[in-house]
Amino acid sequence: MRSIRFDNITKYYHGELVIDKLSLEIPAGTFFALLGPSGSGKTTLLRLIAGLEEADSGSIFLGDEDITHMPIYKRPVNTVFQNYALFPHMNVFDNVAYSLTIRNVPEDVIKEKVIKILHTVGLEKHIYKSIQNLSGGQKQRVALARAVVNEPAVLLLDEPLAALDLKLREKMLIELIDLQSILKTTFVYVTHDQFEALTVADYMAIMNDDGEIEQIGTPKEIYEFPVSTFVAAFVGTTNLLKGTLHISGDQCHIEFERLGTFEVACSLEKEGMRDGSMVFMSIRPEKIDISKTPLTGFSNMLEGIVQSIVYHGRSTQYNVRLKNDEVVQVFEQNEEHFPQETIDYDDSVFLYWQKENVVLLEK
Amino acid sequence: MKIKEIVTDFFAENAPFIFVVPAVLWQLFFLYVPLCLVVYMSFQYGAEITGFTFDHYKLILSSSPYFYIIGRSVVIAACVTCLCLMCAYPVAYYLALKVGRRWKNVLLFLLTLPFWTNFLIQIYSWVFVLDQNGLINMMLLKLGIIQEPLHMINNTGAIFFVMLYYYLPFMIMPLYSILEKIQHDLLEASMDLGATHWQTFRRITLPLSMSGIKTGVFLVFVPAFGEFVIPSIIGGAHHLFVGSLISHYFLVARDSQLGAAFTIVSGFVLLVCALLFNWLCTVPLQKVQKAEQKELAS
């Protein structure tokens, strides 16, 4: 269990700048997720740690050790590859034992370690099976066991669950969390799936299309307090409305064209939030209440017409068209079999929200 | 209408069988029937006198020159195959794993270029290169490096060299096609797990390319064993190989019966060689694995 530190890393790929002067610290012993759209350079960061790519400038530290130019096979770092990369000519045991065999570990030690780790990942019944005869989930577990059997300081996971179906993916996510708490190894998990990242991570970093890190924080911080419209829109779903900020004393208001002025909380105010500046208001769909009749106790209210309804099972999504033709998404929990009021297409509705539940963003 | 339906149904249902028929017939009439004829012929007295006899086999199995020729063919073919493998593997490895896609096609084209020329022309052109008055000798004489022309043709070394030249692409191609299929992330995974380049080659690349090695070895060894054009053109009349002796019996001496018997005997030797090689490729590996599993199971 060691920390990883990127120090001003720059990486070109086929002459194209992928990562530009990036610095990042991954704390020791944490489950760290790197989340970003495809092509954001998150896999490149992972390959830089593994040694599969070499940085063009900058340094990478593993704990206090500079590993920037250390050959790949000397690094105490192992990877779980996206398509598992299991050796097809070996059985489960030999695959898992690989890193120990090449280090000439005594055979009885190998046997003991491999069987122990196969028990941990629940593959004790398949020790001598051929790789070809395994299901997707089993292959995933073999890849995991193979990567952790030699007790690496850091485990890298490159979209490890991308090839599995939803139910199995949810199950494997929980198993990964359990495995990390048993091993206490630093896990670095690369994914483009915000659900996976939010589920497993202690901390997560959000990367944008330019290979820059937009925000680092706990999943809750990232979800509730995004620092940019990119983060707000990439992690989860949000409504972004552009308006003018008005500050008078300790009262803040935001004015939207053709919609009017709304109260917002100023406690989250950052630099650059000045009177008269253009800002985005981000509000999550589940933080808006929808009703056909006027309600009391909310600081803000908007009127609109229901444009479409999407039934998700546990919740229903309403797309409401506002007076300025912008569309706002609203999620309502389906708490009752027979709700008192049913909302239908083209119904005129009121949207309510508390001023504390919005986030103001500059960009 | 009904007949048409019946015919269509028949073809639809039996399509796999129908498509296989021509190939099977071809094999039957041009491989198995002639083979049976050769076997039959090898037990005949001669062209005029008919009757069953073991005489030809007795003659071959009791005289050492035949064994010497078969032995020499096996040794030469084995050496050519080994050397081909050693030369071809790095080329195929480099082509499959290291060269960019654009250059790959150019290099592959250059590799197949000799096949565009007639086989005999390829071999004869080596005579002009290696001859007493050939290209190399002329150049060396002109440059004053040698005073007397070098003796480079009509010996086993020349046969060996030209066979190596001719069979090399037959070894590179199957190796290349199997090495190209190896997923790059397997090699990355191996290195990631702590294996050096050499260990990765030994434990991942080599075992995964085994089927390509097998194909290449058979593609080179079998025709090299029966080769008679290269020895007769490059090696002159003095170097008899299995192929040259068989062609001698059939075409020159007109003793088809003895030739047939010799063909069967050398074919048998070839079969033994193939089985031996196949055993070498698989059995020792399996033995080790089984022993490991037994030990672990206990």
# chains A, B, ... in the order shown; residues from 1 in each chain; ligands from 1

$ interface_residues --of "chain B" --to "chain A" --cutoff "9 Å" --atoms "only C-alpha atoms" --output "ChimeraX atom specification"
/B:183-197,199,204,207-208,293,296

$ select_by_dssp --residues "segment 4-205 of chain A" --states "helix (DSSP H, G or I)" --output "JSON, numbers by chain"
{"A": [42, 43, 44, 45, 46, 47, 48, 49, 50, 72, 73, 74, 92, 93, 94, 95, 96, 97, 98, 99, 100, 101, 107, 108, 109, 110, 111, 112, 113, 114, 115, 116, 117, 118, 119, 120, 124, 125, 126, 131, 132, 133, 136, 137, 138, 139, 140, 141, 142, 143, 144, 145, 146, 147, 148, 166, 167, 168, 169, 170, 171, 172, 173, 174, 175, 176, 177, 178, 179, 180, 181, 182, 183, 194, 195, 196, 197, 198, 199, 200]}

$ write_last_selection --atoms "C-alpha atoms" --output "short mmCIF file (atom, residue, chain, number, x, y, z; two decimals), in the first residue's frame"
data_model
loop_
_atom_site.label_atom_id
_atom_site.label_comp_id
_atom_site.auth_asym_id
_atom_site.auth_seq_id
_atom_site.Cartn_x
_atom_site.Cartn_y
_atom_site.Cartn_z
CA LYS A 42 -7.52 8.25 -18.05
CA THR A 43 -6.27 4.94 -19.43
CA THR A 44 -3.03 6.68 -20.41
CA LEU A 45 -2.57 7.74 -16.77
CA LEU A 46 -3.07 4.13 -15.71
CA ARG A 47 -0.57 2.87 -18.29
CA LEU A 48 1.93 5.46 -17.08
CA ILE A 49 1.69 4.05 -13.55
CA ALA A 50 2.01 0.48 -14.85
CA ILE A 72 7.68 -2.23 -16.27
CA TYR A 73 8.63 -5.62 -14.83
CA LYS A 74 10.35 -4.06 -11.80
CA VAL A 92 -6.55 -21.05 -13.91
CA PHE A 93 -3.83 -22.10 -11.47
CA ASP A 94 -0.94 -21.34 -13.84
CA ASN A 95 -2.42 -17.98 -14.77
CA VAL A 96 -2.73 -16.93 -11.15
CA ALA A 97 0.67 -18.39 -10.27
CA TYR A 98 2.43 -16.60 -13.15
CA SER A 99 3.92 -13.67 -11.23
CA LEU A 100 5.19 -16.04 -8.52
CA THR A 101 6.58 -18.65 -10.94
CA GLU A 107 6.51 -24.34 -5.25
CA ASP A 108 4.84 -25.02 -1.92
CA VAL A 109 4.60 -21.26 -1.27
CA ILE A 110 3.11 -20.72 -4.74
CA LYS A 111 0.56 -23.44 -4.17
CA GLU A 112 -0.44 -22.04 -0.80
CA LYS A 113 -0.75 -18.44 -2.01
CA VAL A 114 -2.62 -19.27 -5.22
CA ILE A 115 -5.14 -21.52 -3.49
CA LYS A 116 -5.69 -18.92 -0.79
CA ILE A 117 -6.38 -16.12 -3.28
CA LEU A 118 -8.63 -18.38 -5.38
CA HIS A 119 -10.64 -19.03 -2.23
CA THR A 120 -10.89 -15.29 -1.63
CA GLU A 124 -11.64 -22.77 -5.48
CA LYS A 125 -13.75 -25.20 -7.53
CA HIS A 126 -12.16 -24.18 -10.84
CA ILE A 131 -9.35 -20.53 -19.39
CA GLN A 132 -11.56 -21.19 -22.42
CA ASN A 133 -14.13 -22.97 -20.24
CA GLY A 136 -17.06 -13.83 -18.17
CA GLY A 137 -17.42 -13.31 -14.43
CA GLN A 138 -15.04 -16.17 -13.67
CA LYS A 139 -12.44 -14.80 -16.09
CA GLN A 140 -12.77 -11.46 -14.34
CA ARG A 141 -12.06 -13.12 -11.01
CA VAL A 142 -9.02 -14.99 -12.41
CA ALA A 143 -7.63 -11.70 -13.74
CA LEU A 144 -8.18 -10.14 -10.33
CA ALA A 145 -6.57 -13.03 -8.47
CA ARG A 146 -3.60 -13.05 -10.86
CA ALA A 147 -3.02 -9.35 -10.29
CA VAL A 148 -3.19 -9.40 -6.48
CA LEU A 166 -25.51 -5.22 -15.39
CA LYS A 167 -26.45 -7.64 -12.59
CA LEU A 168 -23.01 -9.26 -12.57
CA ARG A 169 -21.37 -5.85 -12.70
CA GLU A 170 -23.23 -4.70 -9.59
CA LYS A 171 -22.21 -7.89 -7.81
CA MET A 172 -18.56 -7.56 -8.84
CA LEU A 173 -18.47 -3.95 -7.67
CA ILE A 174 -19.41 -5.04 -4.16
CA GLU A 175 -16.81 -7.84 -4.33
CA LEU A 176 -14.16 -5.36 -5.41
CA ILE A 177 -14.94 -3.12 -2.44
CA ASP A 178 -14.71 -6.13 -0.11
CA LEU A 179 -11.44 -7.26 -1.70
CA GLN A 180 -9.93 -3.81 -1.28
CA SER A 181 -10.88 -3.69 2.39
CA ILE A 182 -9.28 -7.12 2.92
CA LEU A 183 -6.06 -6.38 1.02
CA GLN A 194 -20.19 7.25 -13.35
CA PHE A 195 -22.34 4.67 -11.58
CA GLU A 196 -19.34 2.35 -11.11
CA ALA A 197 -17.11 5.19 -9.95
CA LEU A 198 -19.66 6.50 -7.45
CA THR A 199 -20.21 3.00 -6.09
CA VAL A 200 -16.64 1.88 -5.47
#

$ closest_residue --among "B:Ile172, B:Ile264, B:Leu113, B:Ala88" --to "Phe43 of chain B" --atoms "only C-alpha atoms"
B:Ile264

$ residues_around --residues "Gly216 of chain B" --least-positions-apart "4" --cutoff "7 Å" --atoms "only C-alpha atoms" --output "JSON, numbers by chain"
{"B": [170, 171, 174, 175, 212, 220]}

$ atom_distance --atom1 "atom CA of Ile69 of chain B" --atom2 "atom CA of Ile246 of chain B"
11.0 Å

$ residues_around --residues "segment 48-57 of chain B" --least-positions-apart "2" --cutoff "12 Å" --atoms "only C-alpha atoms" --output "PyMOL selection string"
chain B and resi 39-46+59-63+66+255-266

$ residues_around --residues "His253 of chain A" --least-positions-apart "2" --cutoff "9 Å" --atoms "only C-alpha atoms" --output "list in words"
Thr244, Leu245, His246, Ile247, Ser248, Gln251, Glu255, Thr261, Phe262, Glu263, Val264, Ala265 and Cys266 of chain A
